[in-house]
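query-v6.csv follows (CSV, C-alpha atoms):
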```csv
chain,number,residue,atom,x,y,z
J,189,MET,CA,120.5,107.7,206.2
J,190,PHE,CA,117.0,106.5,205.7
J,191,PHE,CA,116.6,105.3,209.3
J,192,GLY,CA,118.1,108.6,210.6
J,193,LEU,CA,115.6,110.7,208.5
J,194,LEU,CA,112.8,108.5,209.7
J,195,ALA,CA,113.8,108.9,213.4
J,196,THR,CA,114.0,112.7,212.9
J,197,ALA,CA,110.6,112.8,211.3
J,198,LEU,CA,109.1,110.8,214.2
J,199,ILE,CA,110.7,113.1,216.7
J,200,VAL,CA,109.4,116.2,214.9
J,201,ALA,CA,105.9,114.6,214.6
J,202,GLY,CA,106.0,113.9,218.4
J,203,PHE,CA,106.9,117.4,219.2
J,204,ALA,CA,104.1,118.7,216.9
J,205,VAL,CA,101.5,116.4,218.5
J,206,ARG,CA,102.6,117.4,221.9
J,207,ALA,CA,102.4,121.1,221.0
J,208,LEU,CA,99.0,120.6,219.4
J,209,ALA,CA,97.8,118.8,222.5
J,210,GLY,CA,99.0,121.7,224.6
J,211,VAL,CA,97.2,124.2,222.3
J,212,VAL,CA,94.0,122.1,222.5
J,213,GLN,CA,94.2,122.1,226.3
J,214,ARG,CA,94.7,125.8,226.5
J,215,ARG,CA,92.5,126.9,223.5
J,216,PRO,CA,89.9,124.2,222.7
J,217,VAL,CA,87.9,126.6,220.5
J,218,TRP,CA,90.8,127.1,218.1
J,219,ALA,CA,91.2,123.4,217.8
J,220,VAL,CA,87.6,123.0,216.8
J,221,VAL,CA,88.0,125.8,214.3
J,222,LEU,CA,91.1,124.3,212.7
J,223,LEU,CA,89.4,120.8,212.5
J,224,CYS,CA,86.4,122.3,210.8
J,225,VAL,CA,88.6,124.1,208.3
J,226,ALA,CA,90.5,120.9,207.5
J,227,VAL,CA,87.3,118.9,207.0
J,228,ALA,CA,85.9,121.7,204.7
J,229,LEU,CA,89.0,121.7,202.6
J,230,LEU,CA,88.9,117.9,202.2
J,231,LEU,CA,85.2,117.9,201.3
J,232,ALA,CA,85.8,120.7,198.7
J,233,HIS,CA,88.7,118.8,197.1
J,234,GLY,CA,86.6,115.6,196.9
J,235,ARG,CA,83.7,117.4,195.3
J,236,ARG,CA,86.0,119.1,192.7
J,237,ARG,CA,87.5,115.7,191.7
J,238,ARG,CA,84.0,114.2,191.4
J,239,ARG,CA,82.9,117.1,189.2
J,240,LEU,CA,86.0,116.7,187.0
J,241,SER,CA,85.4,113.0,186.7
J,242,ALA,CA,81.7,113.4,185.9
J,243,ALA,CA,82.6,116.1,183.3
J,244,ARG,CA,85.2,113.8,181.7
J,245,ILE,CA,82.9,110.8,181.6
J,246,ALA,CA,80.1,113.0,180.1
J,247,ARG,CA,82.5,114.3,177.4
J,248,ARG,CA,83.7,110.8,176.5
J,249,ALA,CA,80.1,109.5,176.3
J,250,GLY,CA,79.2,112.3,174.0
J,251,GLU,CA,82.2,111.6,171.7
J,252,ALA,CA,81.3,107.9,171.6
J,253,LEU,CA,77.6,108.7,170.8
J,254,GLU,CA,78.7,111.1,168.0
J,255,GLN,CA,81.0,108.5,166.5
J,256,GLY,CA,78.3,105.8,166.6
J,257,THR,CA,75.8,108.0,165.0
J,258,SER,CA,78.2,108.9,162.2
J,259,THR,CA,78.9,105.2,161.5
J,260,ALA,CA,75.2,104.4,161.5
J,261,LEU,CA,74.5,107.2,159.0
J,262,ASP,CA,77.3,106.0,156.7
J,263,ALA,CA,76.0,102.5,156.8
J,264,LEU,CA,72.5,103.7,155.9
J,265,ASP,CA,73.8,105.9,153.0
J,266,ALA,CA,76.0,103.1,151.5
J,267,PRO,CA,74.3,101.3,148.6
J,268,ALA,CA,73.4,97.7,149.1
J,269,PRO,CA,75.8,95.3,147.3
J,270,SER,CA,74.2,93.7,144.3
J,271,PRO,CA,73.9,89.9,144.5
J,272,LEU,CA,76.4,87.9,142.6
J,273,PRO,CA,75.1,85.6,139.9
J,274,PRO,CA,75.4,82.0,140.8
J,275,ALA,CA,78.6,80.3,139.6
J,276,ILE,CA,78.1,77.8,136.9
J,277,PRO,CA,80.8,75.1,137.2
J,278,ALA,CA,82.5,74.2,134.0
J,279,PRO,CA,82.3,70.5,133.1
J,280,ALA,CA,85.4,68.5,133.6
J,281,GLY,CA,87.7,68.4,130.5
J,282,ALA,CA,85.9,71.2,128.6
J,283,TYR,CA,89.0,72.8,127.0
J,284,ASP,CA,87.4,73.9,123.7
J,285,ASP,CA,86.4,77.3,125.1
J,286,THR,CA,89.2,77.8,127.8
J,287,LEU,CA,92.4,76.9,126.0
J,288,PRO,CA,92.6,78.8,122.7
J,289,ALA,CA,94.7,81.5,124.3
J,290,VAL,CA,97.2,78.9,125.4
J,291,VAL,CA,97.1,77.0,122.1
J,292,ALA,CA,97.6,80.1,120.0
J,293,PRO,CA,101.4,80.4,120.4
J,294,VAL,CA,101.9,76.8,119.5
J,295,ALA,CA,99.5,77.0,116.6
J,296,GLN,CA,101.5,79.9,115.3
J,297,GLY,CA,104.7,77.9,115.5
J,298,VAL,CA,106.3,80.1,118.2
J,299,GLY,CA,106.2,80.3,121.9
J,300,HIS,CA,106.0,76.7,123.1
J,301,ASP,CA,109.5,76.9,124.5
J,302,ALA,CA,108.4,79.9,126.6
J,303,LEU,CA,105.5,78.0,128.2
J,304,SER,CA,105.8,76.5,131.6
J,305,PRO,CA,105.4,72.7,131.9
J,306,GLU,CA,101.8,73.2,133.1
J,307,GLU,CA,101.0,75.6,130.2
J,308,PHE,CA,102.6,73.2,127.7
J,309,GLU,CA,100.3,70.4,129.0
J,310,ALA,CA,97.3,72.7,128.6
J,311,ALA,CA,98.4,73.6,125.1
J,312,ILE,CA,98.6,70.0,124.0
J,313,ALA,CA,95.2,69.4,125.6
J,314,GLY,CA,93.9,72.3,123.5
J,315,LEU,CA,95.4,70.8,120.3
J,316,CYS,CA,93.6,67.5,121.1
J,317,ALA,CA,90.3,69.3,121.6
J,318,ARG,CA,90.8,71.4,118.5
J,319,ASP,CA,91.2,68.3,116.4
J,320,GLY,CA,88.0,66.6,117.6
J,321,CYS,CA,89.0,64.8,120.8
J,322,THR,CA,86.4,64.8,123.6
J,323,ARG,CA,86.5,64.5,127.4
J,324,VAL,CA,90.0,66.1,127.3
J,325,GLU,CA,91.6,66.6,130.7
J,326,VAL,CA,95.0,67.7,132.0
J,327,VAL,CA,95.8,65.2,134.7
J,328,GLY,CA,99.6,65.8,135.0
J,329,GLY,CA,101.0,66.3,138.5
J,330,ALA,CA,102.4,64.3,141.4
J,331,GLY,CA,101.4,60.7,141.1
J,332,ASP,CA,100.1,60.9,137.6
J,333,LEU,CA,102.1,57.7,136.6
J,334,GLY,CA,103.2,59.3,133.3
J,335,ALA,CA,99.8,60.6,132.0
J,336,ASP,CA,99.6,64.3,131.5
J,337,VAL,CA,96.6,64.6,129.2
J,338,THR,CA,93.8,62.1,128.6
J,339,GLY,CA,90.8,62.1,126.3
J,340,LEU,CA,88.9,60.3,123.6
J,341,THR,CA,89.9,60.5,120.0
J,342,PRO,CA,87.1,61.3,117.4
J,343,ASP,CA,86.6,57.6,116.7
J,344,GLY,CA,86.2,56.8,120.5
J,345,ARG,CA,89.7,55.4,121.4
J,346,ARG,CA,91.2,56.3,124.8
J,347,LEU,CA,94.1,58.8,124.3
J,348,VAL,CA,96.9,59.1,126.9
J,349,VAL,CA,99.6,61.8,126.3
J,350,GLN,CA,102.8,62.4,128.1
J,351,CYS,CA,104.3,65.9,127.6
J,352,LYS,CA,108.1,66.5,127.7
J,353,ARG,CA,109.0,70.2,127.6
J,354,TYR,CA,112.7,69.8,127.1
J,355,GLY,CA,115.4,72.0,125.6
J,356,GLU,CA,116.7,71.2,122.1
J,357,ASP,CA,119.9,69.7,123.6
J,358,ASN,CA,118.0,67.4,126.0
J,359,LYS,CA,116.5,64.5,124.0
J,360,VAL,CA,113.9,62.1,125.4
J,361,GLY,CA,115.7,58.8,126.0
J,362,SER,CA,114.6,55.2,126.1
J,363,GLN,CA,114.3,55.2,129.9
J,364,ASP,CA,111.6,57.9,129.6
J,365,LEU,CA,109.7,55.8,127.1
J,366,GLN,CA,110.1,52.6,129.2
J,367,ARG,CA,108.6,54.3,132.2
J,368,PHE,CA,105.7,55.6,130.2
J,369,GLY,CA,105.3,52.3,128.4
J,370,GLY,CA,105.0,50.5,131.7
J,371,THR,CA,101.9,52.5,132.7
J,372,CYS,CA,100.2,53.9,129.6
J,373,PHE,CA,98.5,50.7,128.6
J,374,THR,CA,98.3,48.7,131.8
J,375,VAL,CA,97.4,51.4,134.2
J,376,HIS,CA,95.8,54.1,132.0
J,377,GLU,CA,94.3,51.6,129.5
J,378,ALA,CA,95.3,53.6,126.6
J,379,ASP,CA,94.3,52.7,123.1
J,380,VAL,CA,96.6,55.5,121.7
J,381,ALA,CA,99.7,56.5,123.6
J,382,LEU,CA,101.6,59.7,122.6
J,383,VAL,CA,104.8,61.2,123.9
J,384,VAL,CA,105.0,64.9,122.8
J,385,THR,CA,108.2,66.9,123.2
J,386,THR,CA,109.6,70.2,122.3
J,387,SER,CA,113.0,68.4,121.7
J,388,ASP,CA,113.7,65.1,120.0
J,389,PHE,CA,114.0,61.4,120.7
J,390,THR,CA,117.1,59.2,120.8
J,391,ALA,CA,117.3,56.3,118.4
J,392,PRO,CA,116.8,53.7,121.2
J,393,ALA,CA,113.8,55.6,122.4
J,394,VAL,CA,112.2,55.5,119.0
J,395,GLU,CA,113.0,51.8,118.7
J,396,TYR,CA,111.3,51.0,122.0
J,397,ALA,CA,108.3,53.2,121.1
J,398,GLU,CA,107.9,51.3,117.8
J,399,GLN,CA,108.0,48.0,119.7
J,400,CYS,CA,105.4,49.1,122.2
J,401,GLY,CA,103.1,51.0,119.8
J,402,ILE,CA,103.8,54.4,121.3
J,403,VAL,CA,103.6,57.4,119.0
J,404,CYS,CA,106.5,59.8,119.3
J,405,VAL,CA,105.9,63.5,118.4
J,406,ASN,CA,109.1,65.5,118.3
J,407,ARG,CA,109.6,69.2,117.8
J,408,ASP,CA,109.2,69.3,114.1
J,409,ALA,CA,106.1,66.9,114.2
J,410,LEU,CA,104.6,69.1,116.9
J,411,LEU,CA,105.1,72.2,114.9
J,412,ALA,CA,103.5,70.6,111.8
J,413,TRP,CA,100.6,69.3,113.9
J,414,SER,CA,100.0,72.7,115.6
J,415,GLU,CA,100.1,74.6,112.3
J,416,GLY,CA,97.7,72.1,110.6
J,417,ARG,CA,100.3,70.9,108.1
J,418,ALA,CA,100.1,67.3,109.4
J,419,PRO,CA,97.2,65.1,110.6
J,420,ALA,CA,96.7,64.5,114.2
J,421,PRO,CA,99.2,62.1,115.7
J,422,TRP,CA,96.5,59.5,116.5
J,423,ALA,CA,95.5,59.2,112.9
J,424,ALA,CA,96.4,55.9,111.3
J,425,ASP,CA,98.6,57.6,108.6
J,426,ALA,CA,100.3,60.1,110.9
J,427,PRO,CA,104.1,60.0,110.5
J,428,ALA,CA,106.2,59.5,113.6
J,429,GLY,CA,108.6,62.1,114.8
J,430,THR,CA,112.1,62.2,113.3
J,431,ALA,CA,114.6,60.3,115.4
J,432,GLU,CA,118.2,61.2,115.8
J,433,ALA,CA,121.0,59.2,117.4
```
Could you show the structure in this file as structure tokens?
Amino acid sequence: MFFGLLATALIVAGFAVRALAGVVQRRPVWAVVLLCVAVALLLAHGRRRRRLSAARIARRAGEALEQGTSTALDALDAPAPSPLPPAIPAPAGAYDDTLPAVVAPVAQGVGHDALSPEEFEAAIAGLCARDGCTRVEVVGGAGDLGADVTGLTPDGRRLVVQCKRYGEDNKVGSQDLQRFGGTCFTVHEADVALVVTTSDFTAPAVEYAEQCGIVCVNRDALLAWSEGRAPAPWAADAPAGTAEA
């Protein structure tokens, strides 16, 4: 069908060209007139398109200029931002001013079970700082080798604390104490080693701790310490946590 239509169009065009040639031969003046009219129409169409394009370009340029002017005026009207004061880095281990809000629930005897492990470590660090320890730091995390809190006791001994935020039915066993005992003195060079838990210790764990010189602070001892009813666990006369089988 396509080729048939194409052939028909070519035949019609041939007849039209032949007829036009005959007209040109018989009436050359009319041919010149028709050619001039066709050229005039083409030129008029081209000029109109150019005028439309120029008008469109001018309109867009005006819109862009107006938008740029508005943005510049807004920037000039906006107040200059006030410079921020220089940040003062806090010294490492300075928990005296930063941890009271975390220590408060433990100091009131409630809330330590609701703390996350990281918050519990921070709370124990705060208790150490409250009772006179210096250079207190929370160092717990991956690769801590059992040390969660470190510092210096008021008499200058190196303190290393492991924090166990366990439920009441999950006691700290002897394996936990053995792992801590294998690093607290040799790796962390502790003079005083504490294991503080929100739960309790098994009898074998307490026995191992007594042999190694590790101070166990169970739930009741922690509550008494935080409320100020008992001396700090690193004190020479501090009682060890109650052990249960």
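Among the candidate residues J:Leu340, J:Ser414, J:Val380, J:Ala302, the one lying nearest to Gly314 of chain J is J:Ser414, with distances computed using all atoms listed in the file.
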Neighbour list for Ala420 of chain J as a VMD selection string, cut-off 9 Å, all atoms listed in the file, skip fewer than 3 positions in-chain: chain J and resid 315 to 316 319 413 to 414 416 423 426
For those residues, write C-alpha atoms to a file as a PDB file, keeping the file's coordinate frame.
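Final output, result.pdb:
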```
ATOM      1  CA  LEU J 315      95.400  70.800 120.300  1.00  0.00           C
ATOM      2  CA  CYS J 316      93.600  67.500 121.100  1.00  0.00           C
ATOM      3  CA  ASP J 319      91.200  68.300 116.400  1.00  0.00           C
ATOM      4  CA  TRP J 413     100.600  69.300 113.900  1.00  0.00           C
ATOM      5  CA  SER J 414     100.000  72.700 115.600  1.00  0.00           C
ATOM      6  CA  GLY J 416      97.700  72.100 110.600  1.00  0.00           C
ATOM      7  CA  ALA J 423      95.500  59.200 112.900  1.00  0.00           C
ATOM      8  CA  ALA J 426     100.300  60.100 110.900  1.00  0.00           C
TER       9      ALA J 426
END
```
Gly329 of chain J surroundings by only C-alpha atoms, 9 Å radius, close-in-sequence under 6 positions cut, as a list of chain:residue names: J:Glu306, J:Ala335, J:Asp336
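With all atoms listed in the file as the atoms that count, the minimum distance from Gly361 of chain J to the choices J:Ala381, J:Val375, J:Val327, J:Cys404 is reached by J:Cys404.
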Long-range neighbours of Val405 of chain J as a ChimeraX atom specification, 12 Å cut-off, only C-alpha atoms, 5 positions minimum in chain: /J:312,349-353,360,381-389,393-394,397,410-414,418-422,426-431
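With all atoms listed in the file as the atoms that count, the residue of J:Ala310, J:His376, J:Leu303, J:Ala317 with the shortest distance to Asp332 of chain J is J:His376.
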Would you compute the box with edges along x, y and z of the file around segment 320-333 of chain J, including every atom the file lists for it and 6 Å extra on each side, and give its centre and edge lengths in Å to one decimal, as lines of an AutoDock Vina configuration file?
```
center_x = 94.4
center_y = 62.7
center_z = 129.5
size_x = 28.0
size_y = 22.0
size_z = 35.8
```
